[in-house]
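J.: Handing over protein16.cif, mmCIF, C-alpha atoms and all ligand atoms.
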data_run
loop_
_atom_site.group_PDB
_atom_site.id
_atom_site.type_symbol
_atom_site.label_atom_id
_atom_site.label_comp_id
_atom_site.auth_asym_id
_atom_site.auth_seq_id
_atom_site.Cartn_x
_atom_site.Cartn_y
_atom_site.Cartn_z
ATOM 1 C CA MET A 1 35.597 11.816 -30.265
ATOM 2 C CA ASP A 2 33.860 9.971 -33.048
ATOM 3 C CA ASP A 3 31.998 7.094 -31.458
ATOM 4 C CA PHE A 4 28.515 8.158 -32.469
ATOM 5 C CA PRO A 5 27.030 7.613 -35.915
ATOM 6 C CA SER A 6 26.505 10.548 -38.246
ATOM 7 C CA ARG A 7 25.309 10.825 -41.795
ATOM 8 C CA ASP A 8 24.919 13.360 -44.528
ATOM 9 C CA GLY A 9 21.468 14.948 -44.686
ATOM 10 C CA ALA A 10 21.587 15.900 -48.366
ATOM 11 C CA GLU A 11 18.955 13.346 -49.412
ATOM 12 C CA ASP A 12 16.929 13.455 -46.207
ATOM 13 C CA ALA A 13 13.441 14.962 -46.704
ATOM 14 C CA VAL A 14 13.143 16.281 -43.149
ATOM 15 C CA HIS A 15 16.569 17.834 -43.436
ATOM 16 C CA LYS A 16 15.673 19.650 -46.633
ATOM 17 C CA ARG A 17 12.524 20.963 -45.021
ATOM 18 C CA LEU A 18 14.446 22.051 -41.947
ATOM 19 C CA ARG A 19 16.858 23.995 -44.116
ATOM 20 C CA ARG A 20 14.000 25.812 -45.816
ATOM 21 C CA ALA A 21 12.487 26.702 -42.436
ATOM 22 C CA VAL A 22 15.735 27.853 -40.802
ATOM 23 C CA GLU A 23 17.840 29.425 -43.510
ATOM 24 C CA LYS A 24 16.149 32.787 -43.711
ATOM 25 C CA ARG A 25 17.760 36.151 -43.356
ATOM 26 C CA GLU A 26 17.540 37.468 -39.813
ATOM 27 C CA LYS A 27 18.790 40.402 -37.862
ATOM 28 C CA ALA A 28 20.103 39.953 -34.353
ATOM 29 C CA TYR A 29 22.419 41.578 -31.866
ATOM 30 C CA LEU A 30 24.414 40.375 -28.927
ATOM 31 C CA TRP A 31 24.383 43.282 -26.497
ATOM 32 C CA THR A 32 22.908 46.398 -28.033
ATOM 33 C CA PRO A 33 20.690 47.040 -31.049
ATOM 34 C CA SER A 34 23.345 49.203 -32.704
ATOM 35 C CA ASP A 35 25.516 46.064 -33.009
ATOM 36 C CA ALA A 36 22.858 44.227 -34.988
ATOM 37 C CA ILE A 37 24.061 42.097 -37.853
ATOM 38 C CA THR A 38 22.095 40.511 -40.669
ATOM 39 C CA PHE A 39 22.892 36.907 -41.435
ATOM 40 C CA ILE A 40 21.370 33.644 -42.602
ATOM 41 C CA PRO A 41 21.520 30.886 -39.980
ATOM 42 C CA ARG A 42 22.785 27.668 -41.518
ATOM 43 C CA VAL A 43 21.813 24.071 -40.897
ATOM 44 C CA SER A 44 24.775 21.711 -40.616
ATOM 45 C CA PRO A 45 24.511 19.128 -43.430
ATOM 46 C CA THR A 46 25.505 16.441 -40.925
ATOM 47 C CA ILE A 47 22.865 14.518 -38.968
ATOM 48 C CA TYR A 48 24.085 13.025 -35.698
ATOM 49 C CA GLY A 49 22.544 9.881 -34.257
ATOM 50 C CA ASP A 50 18.766 9.803 -34.742
ATOM 51 C CA GLY A 51 18.657 13.498 -35.657
ATOM 52 C CA ARG A 52 15.595 14.181 -33.531
ATOM 53 C CA ALA A 53 17.016 16.957 -31.345
ATOM 54 C CA LEU A 54 17.993 20.462 -32.422
ATOM 55 C CA PHE A 55 20.723 22.668 -31.047
ATOM 56 C CA THR A 56 22.028 26.044 -32.056
ATOM 57 C CA ILE A 57 25.762 26.609 -31.882
ATOM 58 C CA ALA A 58 27.643 29.874 -32.261
ATOM 59 C CA THR A 59 31.298 30.768 -31.980
ATOM 60 C CA ILE A 60 32.346 33.475 -29.563
ATOM 61 C CA ASN A 61 33.794 35.424 -32.482
ATOM 62 C CA GLN A 62 30.744 35.131 -34.711
ATOM 63 C CA ARG A 63 27.829 35.470 -32.321
ATOM 64 C CA PRO A 64 24.960 36.110 -32.753
ATOM 65 C CA ALA A 65 25.192 34.266 -36.108
ATOM 66 C CA TYR A 66 24.631 30.565 -35.528
ATOM 67 C CA TRP A 67 24.373 27.129 -37.084
ATOM 68 C CA VAL A 68 21.588 24.650 -36.366
ATOM 69 C CA ILE A 69 22.672 21.109 -35.551
ATOM 70 C CA ARG A 70 20.467 18.036 -35.889
ATOM 71 C CA ALA A 71 21.669 15.958 -32.993
ATOM 72 C CA CYS A 72 20.722 12.724 -31.292
ATOM 73 C CA SER A 73 17.811 12.578 -28.868
ATOM 74 C CA THR A 74 20.068 10.656 -26.475
ATOM 75 C CA TRP A 75 22.477 13.554 -26.053
ATOM 76 C CA GLY A 76 22.420 15.582 -22.886
ATOM 77 C CA SER A 77 23.074 19.258 -22.436
ATOM 78 C CA GLY A 78 24.104 21.400 -19.494
ATOM 79 C CA ASN A 79 21.095 21.821 -17.246
ATOM 80 C CA ASP A 80 19.229 18.758 -18.469
ATOM 81 C CA ARG A 81 18.219 15.868 -16.338
ATOM 82 C CA GLU A 82 21.328 13.866 -15.702
ATOM 83 C CA ASP A 83 20.257 10.518 -17.087
ATOM 84 C CA ALA A 84 21.002 11.087 -20.763
ATOM 85 C CA THR A 85 22.255 7.883 -22.362
ATOM 86 C CA GLY A 86 24.386 9.708 -24.913
ATOM 87 C CA PRO A 87 27.263 12.162 -24.533
ATOM 88 C CA ASP A 88 26.767 15.732 -23.367
ATOM 89 C CA PHE A 89 26.661 18.171 -26.266
ATOM 90 C CA GLY A 90 29.730 19.869 -24.792
ATOM 91 C CA GLU A 91 31.735 16.670 -25.297
ATOM 92 C CA VAL A 92 31.058 16.548 -29.025
ATOM 93 C CA THR A 93 31.501 20.191 -29.996
ATOM 94 C CA ASP A 94 35.046 19.552 -31.279
ATOM 95 C CA GLN A 95 33.692 17.042 -33.761
ATOM 96 C CA ILE A 96 30.786 19.312 -34.688
ATOM 97 C CA MET A 97 33.056 22.310 -35.291
ATOM 98 C CA THR A 98 35.364 20.151 -37.417
ATOM 99 C CA ASP A 99 32.400 18.983 -39.479
ATOM 100 C CA LEU A 100 31.205 22.590 -39.897
ATOM 101 C CA GLU A 101 34.694 23.595 -41.055
ATOM 102 C CA ASP A 102 34.697 20.746 -43.563
ATOM 103 C CA GLN A 103 31.329 21.869 -44.905
ATOM 104 C CA PHE A 104 31.571 25.644 -44.781
ATOM 105 C CA GLY A 105 35.294 26.319 -44.689
ATOM 106 C CA ARG A 106 37.657 27.448 -41.970
ATOM 107 C CA GLY A 107 38.075 31.161 -41.343
ATOM 108 C CA ARG A 108 41.495 30.733 -39.734
ATOM 109 C CA CYS A 109 44.822 30.230 -41.450
ATOM 110 C CA GLY A 110 46.321 26.858 -40.582
ATOM 111 C CA TYR A 111 49.817 28.265 -40.056
ATOM 112 C CA SER A 112 49.515 31.417 -37.997
ATOM 113 C CA GLY A 113 45.943 31.252 -36.760
ATOM 114 C CA ASN A 114 45.319 34.528 -38.584
ATOM 115 C CA SER A 115 41.685 35.352 -39.039
ATOM 116 C CA LEU A 116 40.842 35.110 -42.711
ATOM 117 C CA PHE A 117 37.981 37.497 -41.986
ATOM 118 C CA TRP A 118 40.598 40.248 -41.860
ATOM 119 C CA PRO A 119 41.515 42.081 -45.053
ATOM 120 C CA ARG A 120 44.541 40.668 -46.917
ATOM 121 C CA LYS A 121 46.701 43.626 -45.970
ATOM 122 C CA GLU A 122 46.292 42.930 -42.259
ATOM 123 C CA ARG A 123 46.728 39.176 -42.658
ATOM 124 C CA LEU A 124 50.033 39.637 -44.448
ATOM 125 C CA ARG A 125 51.497 41.365 -41.410
ATOM 126 C CA ASN A 126 51.554 38.064 -39.523
ATOM 127 C CA CYS A 127 51.657 35.434 -42.200
ATOM 128 C CA GLN A 128 52.485 35.091 -45.872
ATOM 129 C CA CYS A 129 50.940 31.690 -46.530
ATOM 130 C CA GLU A 130 48.875 31.021 -49.618
ATOM 131 C CA GLU A 131 45.557 31.522 -47.825
ATOM 132 C CA CYS A 132 46.538 34.780 -46.168
ATOM 133 C CA ASP A 133 48.021 36.032 -49.426
ATOM 134 C CA GLU A 134 44.999 35.222 -51.546
ATOM 135 C CA LYS A 135 43.937 38.317 -53.391
ATOM 136 C CA ARG A 136 40.359 39.554 -53.293
ATOM 137 C CA PHE A 137 39.584 36.890 -50.703
ATOM 138 C CA LYS A 138 38.091 37.474 -47.314
ATOM 139 C CA ALA A 139 36.364 34.817 -45.230
ATOM 140 C CA ARG A 140 32.641 35.280 -44.840
ATOM 141 C CA TRP A 141 29.883 33.742 -42.771
ATOM 142 C CA PRO A 142 29.169 30.786 -42.611
ATOM 143 C CA MET A 143 32.896 30.016 -42.676
ATOM 144 C CA VAL A 144 33.970 28.998 -39.205
ATOM 145 C CA ASP A 145 36.128 30.994 -36.806
ATOM 146 C CA ASP A 146 36.129 28.983 -33.600
ATOM 147 C CA ASP A 147 39.150 30.652 -32.072
ATOM 148 C CA GLY A 148 37.950 31.497 -28.570
ATOM 149 C CA GLY A 149 35.413 28.683 -28.380
ATOM 150 C CA CYS A 150 31.710 28.336 -28.882
ATOM 151 C CA SER A 151 28.400 28.291 -27.057
ATOM 152 C CA TRP A 152 25.268 26.314 -27.677
ATOM 153 C CA SER A 153 21.739 25.649 -26.520
ATOM 154 C CA ARG A 154 18.833 23.401 -27.275
ATOM 155 C CA CYS A 155 16.148 24.766 -29.561
ATOM 156 C CA ASP A 156 12.669 23.770 -30.665
ATOM 157 C CA TRP A 157 11.779 22.494 -34.097
ATOM 158 C CA PRO A 158 10.258 25.207 -36.296
ATOM 159 C CA PRO A 159 6.438 25.287 -36.524
ATOM 160 C CA GLY A 160 4.981 22.629 -38.812
ATOM 161 C CA PHE A 161 7.178 19.699 -37.800
ATOM 162 C CA PRO A 162 5.605 16.864 -35.798
ATOM 163 C CA THR A 163 7.225 16.993 -32.382
ATOM 164 C CA ALA A 164 7.240 15.273 -29.030
ATOM 165 C CA PRO A 165 8.355 16.574 -25.644
ATOM 166 C CA ASN A 166 11.987 15.925 -24.771
ATOM 167 C CA PRO A 167 12.148 13.728 -21.666
ATOM 168 C CA LEU A 168 15.576 15.165 -20.839
ATOM 169 C CA SER A 169 14.730 18.828 -20.985
ATOM 170 C CA TRP A 170 11.869 21.304 -20.870
ATOM 171 C CA ARG A 171 13.645 23.152 -23.615
ATOM 172 C CA GLY A 172 14.146 21.834 -27.120
ATOM 173 C CA ASN A 173 11.440 19.412 -28.244
ATOM 174 C CA LEU A 174 12.133 16.310 -30.323
ATOM 175 C CA LEU A 175 11.055 15.402 -33.816
ATOM 176 C CA ALA A 176 8.238 12.867 -33.441
ATOM 177 C CA GLU A 177 9.332 9.342 -34.337
ATOM 178 C CA GLU A 178 6.897 9.009 -37.257
ATOM 179 C CA GLY A 179 8.069 12.335 -38.653
ATOM 180 C CA ARG A 180 11.332 10.744 -39.709
ATOM 181 C CA ALA A 181 9.806 8.485 -42.312
ATOM 182 C CA ASN A 182 7.353 10.740 -44.092
ATOM 183 C CA GLY A 183 8.962 14.143 -43.581
HETATM 184 ZN ZN ZN A 201 48.485 32.319 -43.159
#
Here is a file; write its structure as structure tokens.
T.:
Amino acid sequence: MDDFPSRDGAEDAVHKRLRRAVEKREKAYLWTPSDAITFIPRVSPTIYGDGRALFTIATINQRPAYWVIRACSTWGSGNDREDATGPDFGEVTDQIMTDLEDQFGRGRCGYSGNSLFWPRKERLRNCQCEECDEKRFKARWPMVDDDGGCSWSRCDWPPGFPTAPNPLSWRGNLLAEEGRANG
């Protein structure tokens, strides 16, 4: 699915500011504190639609580490009101994961589906392709391992950004319209 506009945020002032606000080392765990991992959440370089809504997305294999997606204010999500004019976030995750793989790299071998997060020795048991055989290489966050799927949710803009309530959802405010121009 690729019928919504997207653009690269590299030269976008708001996007740069968002990266500075989001990409800070954090420690989080999924079930119990002893499983805590330290990671830096990453902002996808791609801006979808008007880029006024934020979502977090995580793969089942890499939770609780997550990426932040600047999505369109028209997109719906799960428990929202049902009158969104854009697609539901769940309908565009394939495209979003593909874009993340393009930007950050894919943590799965294209031949066997081996996880490149495994050490080379283990990878070579299933597959001898160039990627699996690469010495001293092991995939690392934020490379993408979406085998097993992903989960997502709306999130608020970090403090300091001009925001407006989201008419579709009580959760996940929107960047105020004027905030787009002056960052
Ligand atoms: Zn391989």
J.: Here's a test: counting all atoms listed in the file, identify every protein, DNA and RNA residue with an atom at most 9 Å from (38.7, 25.8, -36.7) in the file's coordinate frame, and state them as number ranges by chain.
T.: A: 97-98, 100-101, 105-110, 144-147
J.: Hey, what's within 9 Å of Ile96 in chain A if we count only C-alpha atoms and toss same-chain stuff fewer than 6 positions away? As a PyMOL selection string, please?
T.: chain A and resi 44+46+69
J.: Here's the selection I'm unsure about, the PyMOL selection byres (((not hetatm)) within 12 of (chain A and resi 201)); applied to the file above, which residues does it give, as a list in words?
T.: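 Answer for the PyMOL selection byres (((not hetatm)) within 12 of (chain A and resi 201)): Arg106, Gly107, Arg108, Cys109, Gly110, Tyr111, Ser112, Gly113, Asn114, Ser115, Leu116, Phe117, Trp118, Arg120, Lys121, Glu122, Arg123, Leu124, Arg125, Asn126, Cys127, Gln128, Cys129, Glu130, Glu131, Cys132, Asp133 and Glu134 of chain A.
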J.: Kindly give the distance, in Å, that separates CA of Phe4 in chain A and CA of Asp88 in chain A, rounded to a single decimal.
T.: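 Going from CA of Phe4 in chain A over to CA of Asp88 in chain A, I get 12.0 Å.
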J.: On this structure, which residues satisfy the PyMOL selection byres (((chain A and resi 72) around 6) and not hetatm), written as a ChimeraX atom specification?
T.: /A:48-53,71,73-75
J.: Please evaluate the PyMOL selection byres (((chain A and resi 156-168) around 12) and not hetatm) against the displayed coordinates and give the resulting residues as a PyMOL selection string.
T.: chain A and resi 13-15+17-23+51-56+68-86+88+153-155+169-183
J.: Grab the CA of Phe39 in chain A to CA of Arg25 in chain A distance for me, in Å with one decimal place.
T.: 5.5 Å
J.: Write out as number ranges by chain which residues come within 7 Å of Pro45 in chain A when counting only C-alpha atoms, dropping same-chain ones fewer than 2 positions away.
T.: A: 8-10, 43, 47
J.: Please compute the CA of Gln103 in chain A-CA of Asp35 in chain A distance, one decimal, in Å.
T.: 27.6 Å
J.: Find the smallest box with edges along x, y and z containing every listed atom of range 64-73 of chain A, then add 4 Å on each side and report centre and edge lengths in Å to one decimal, as AutoDock Vina command-line options.
T.:
--center_x 21.5 --center_y 24.3 --center_z -33.0 --size_x 15.4 --size_y 31.5 --size_z 16.2
J.: Have a look at A:Pro119, A:Pro64, A:Pro33, A:Pro87 and name the one nearest to Arg140 in chain A; count only C-alpha atoms.
T.: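 Checking each candidate against Arg140 in chain A, we get A:Pro119 as the closest.
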J.: Can you take the partial range 105-126 of chain A, add N, CA and C atoms, and return it as a PDB file, in the coordinates of the input?
T.:
ATOM      1  N   GLY A 105      33.983  25.679 -44.571  1.00  0.00           N
ATOM      2  CA  GLY A 105      35.294  26.319 -44.689  1.00  0.00           C
ATOM      3  C   GLY A 105      35.763  26.860 -43.352  1.00  0.00           C
ATOM      4  N   ARG A 106      37.084  26.986 -43.224  1.00  0.00           N
ATOM      5  CA  ARG A 106      37.657  27.448 -41.970  1.00  0.00           C
ATOM      6  C   ARG A 106      38.135  28.877 -42.144  1.00  0.00           C
ATOM      7  N   GLY A 107      37.735  29.746 -41.240  1.00  0.00           N
ATOM      8  CA  GLY A 107      38.075  31.161 -41.343  1.00  0.00           C
ATOM      9  C   GLY A 107      39.353  31.524 -40.625  1.00  0.00           C
ATOM     10  N   ARG A 108      40.199  30.509 -40.392  1.00  0.00           N
ATOM     11  CA  ARG A 108      41.495  30.733 -39.734  1.00  0.00           C
ATOM     12  C   ARG A 108      42.589  30.103 -40.572  1.00  0.00           C
ATOM     13  N   CYS A 109      43.690  30.794 -40.727  1.00  0.00           N
ATOM     14  CA  CYS A 109      44.822  30.230 -41.450  1.00  0.00           C
ATOM     15  C   CYS A 109      45.440  29.111 -40.624  1.00  0.00           C
ATOM     16  N   GLY A 110      45.802  28.015 -41.286  1.00  0.00           N
ATOM     17  CA  GLY A 110      46.321  26.858 -40.582  1.00  0.00           C
ATOM     18  C   GLY A 110      47.733  27.043 -40.044  1.00  0.00           C
ATOM     19  N   TYR A 111      48.430  28.067 -40.490  1.00  0.00           N
ATOM     20  CA  TYR A 111      49.817  28.265 -40.056  1.00  0.00           C
ATOM     21  C   TYR A 111      49.907  29.212 -38.875  1.00  0.00           C
ATOM     22  N   SER A 112      49.321  30.375 -39.013  1.00  0.00           N
ATOM     23  CA  SER A 112      49.515  31.417 -37.997  1.00  0.00           C
ATOM     24  C   SER A 112      48.296  31.589 -37.106  1.00  0.00           C
ATOM     25  N   GLY A 113      47.165  30.999 -37.508  1.00  0.00           N
ATOM     26  CA  GLY A 113      45.943  31.252 -36.760  1.00  0.00           C
ATOM     27  C   GLY A 113      45.316  32.596 -37.111  1.00  0.00           C
ATOM     28  N   ASN A 114      45.909  33.286 -38.088  1.00  0.00           N
ATOM     29  CA  ASN A 114      45.319  34.528 -38.584  1.00  0.00           C
ATOM     30  C   ASN A 114      43.836  34.358 -38.882  1.00  0.00           C
ATOM     31  N   SER A 115      43.069  35.389 -38.598  1.00  0.00           N
ATOM     32  CA  SER A 115      41.685  35.352 -39.039  1.00  0.00           C
ATOM     33  C   SER A 115      41.630  35.689 -40.518  1.00  0.00           C
ATOM     34  N   LEU A 116      40.979  34.826 -41.281  1.00  0.00           N
ATOM     35  CA  LEU A 116      40.842  35.110 -42.711  1.00  0.00           C
ATOM     36  C   LEU A 116      39.685  36.077 -42.960  1.00  0.00           C
ATOM     37  N   PHE A 117      39.020  36.481 -41.878  1.00  0.00           N
ATOM     38  CA  PHE A 117      37.981  37.497 -41.986  1.00  0.00           C
ATOM     39  C   PHE A 117      38.605  38.893 -42.056  1.00  0.00           C
ATOM     40  N   TRP A 118      39.902  38.972 -41.733  1.00  0.00           N
ATOM     41  CA  TRP A 118      40.598  40.248 -41.860  1.00  0.00           C
ATOM     42  C   TRP A 118      40.924  40.506 -43.322  1.00  0.00           C
ATOM     43  N   PRO A 119      41.086  41.776 -43.691  1.00  0.00           N
ATOM     44  CA  PRO A 119      41.515  42.081 -45.053  1.00  0.00           C
ATOM     45  C   PRO A 119      42.937  41.544 -45.298  1.00  0.00           C
ATOM     46  N   ARG A 120      43.257  41.274 -46.551  1.00  0.00           N
ATOM     47  CA  ARG A 120      44.541  40.668 -46.917  1.00  0.00           C
ATOM     48  C   ARG A 120      45.717  41.463 -46.350  1.00  0.00           C
ATOM     49  N   LYS A 121      45.596  42.774 -46.421  1.00  0.00           N
ATOM     50  CA  LYS A 121      46.701  43.626 -45.970  1.00  0.00           C
ATOM     51  C   LYS A 121      47.057  43.341 -44.502  1.00  0.00           C
ATOM     52  N   GLU A 122      46.045  43.200 -43.689  1.00  0.00           N
ATOM     53  CA  GLU A 122      46.292  42.930 -42.259  1.00  0.00           C
ATOM     54  C   GLU A 122      46.805  41.523 -42.037  1.00  0.00           C
ATOM     55  N   ARG A 123      46.286  40.572 -42.819  1.00  0.00           N
ATOM     56  CA  ARG A 123      46.728  39.176 -42.658  1.00  0.00           C
ATOM     57  C   ARG A 123      48.219  39.045 -42.952  1.00  0.00           C
ATOM     58  N   LEU A 124      48.646  39.775 -43.995  1.00  0.00           N
ATOM     59  CA  LEU A 124      50.033  39.637 -44.448  1.00  0.00           C
ATOM     60  C   LEU A 124      51.043  40.145 -43.419  1.00  0.00           C
ATOM     61  N   ARG A 125      50.584  40.901 -42.459  1.00  0.00           N
ATOM     62  CA  ARG A 125      51.497  41.365 -41.410  1.00  0.00           C
ATOM     63  C   ARG A 125      52.005  40.206 -40.560  1.00  0.00           C
ATOM     64  N   ASN A 126      51.171  39.196 -40.378  1.00  0.00           N
ATOM     65  CA  ASN A 126      51.554  38.064 -39.523  1.00  0.00           C
ATOM     66  C   ASN A 126      51.965  36.834 -40.295  1.00  0.00           C
TER      67      ASN A 126
END
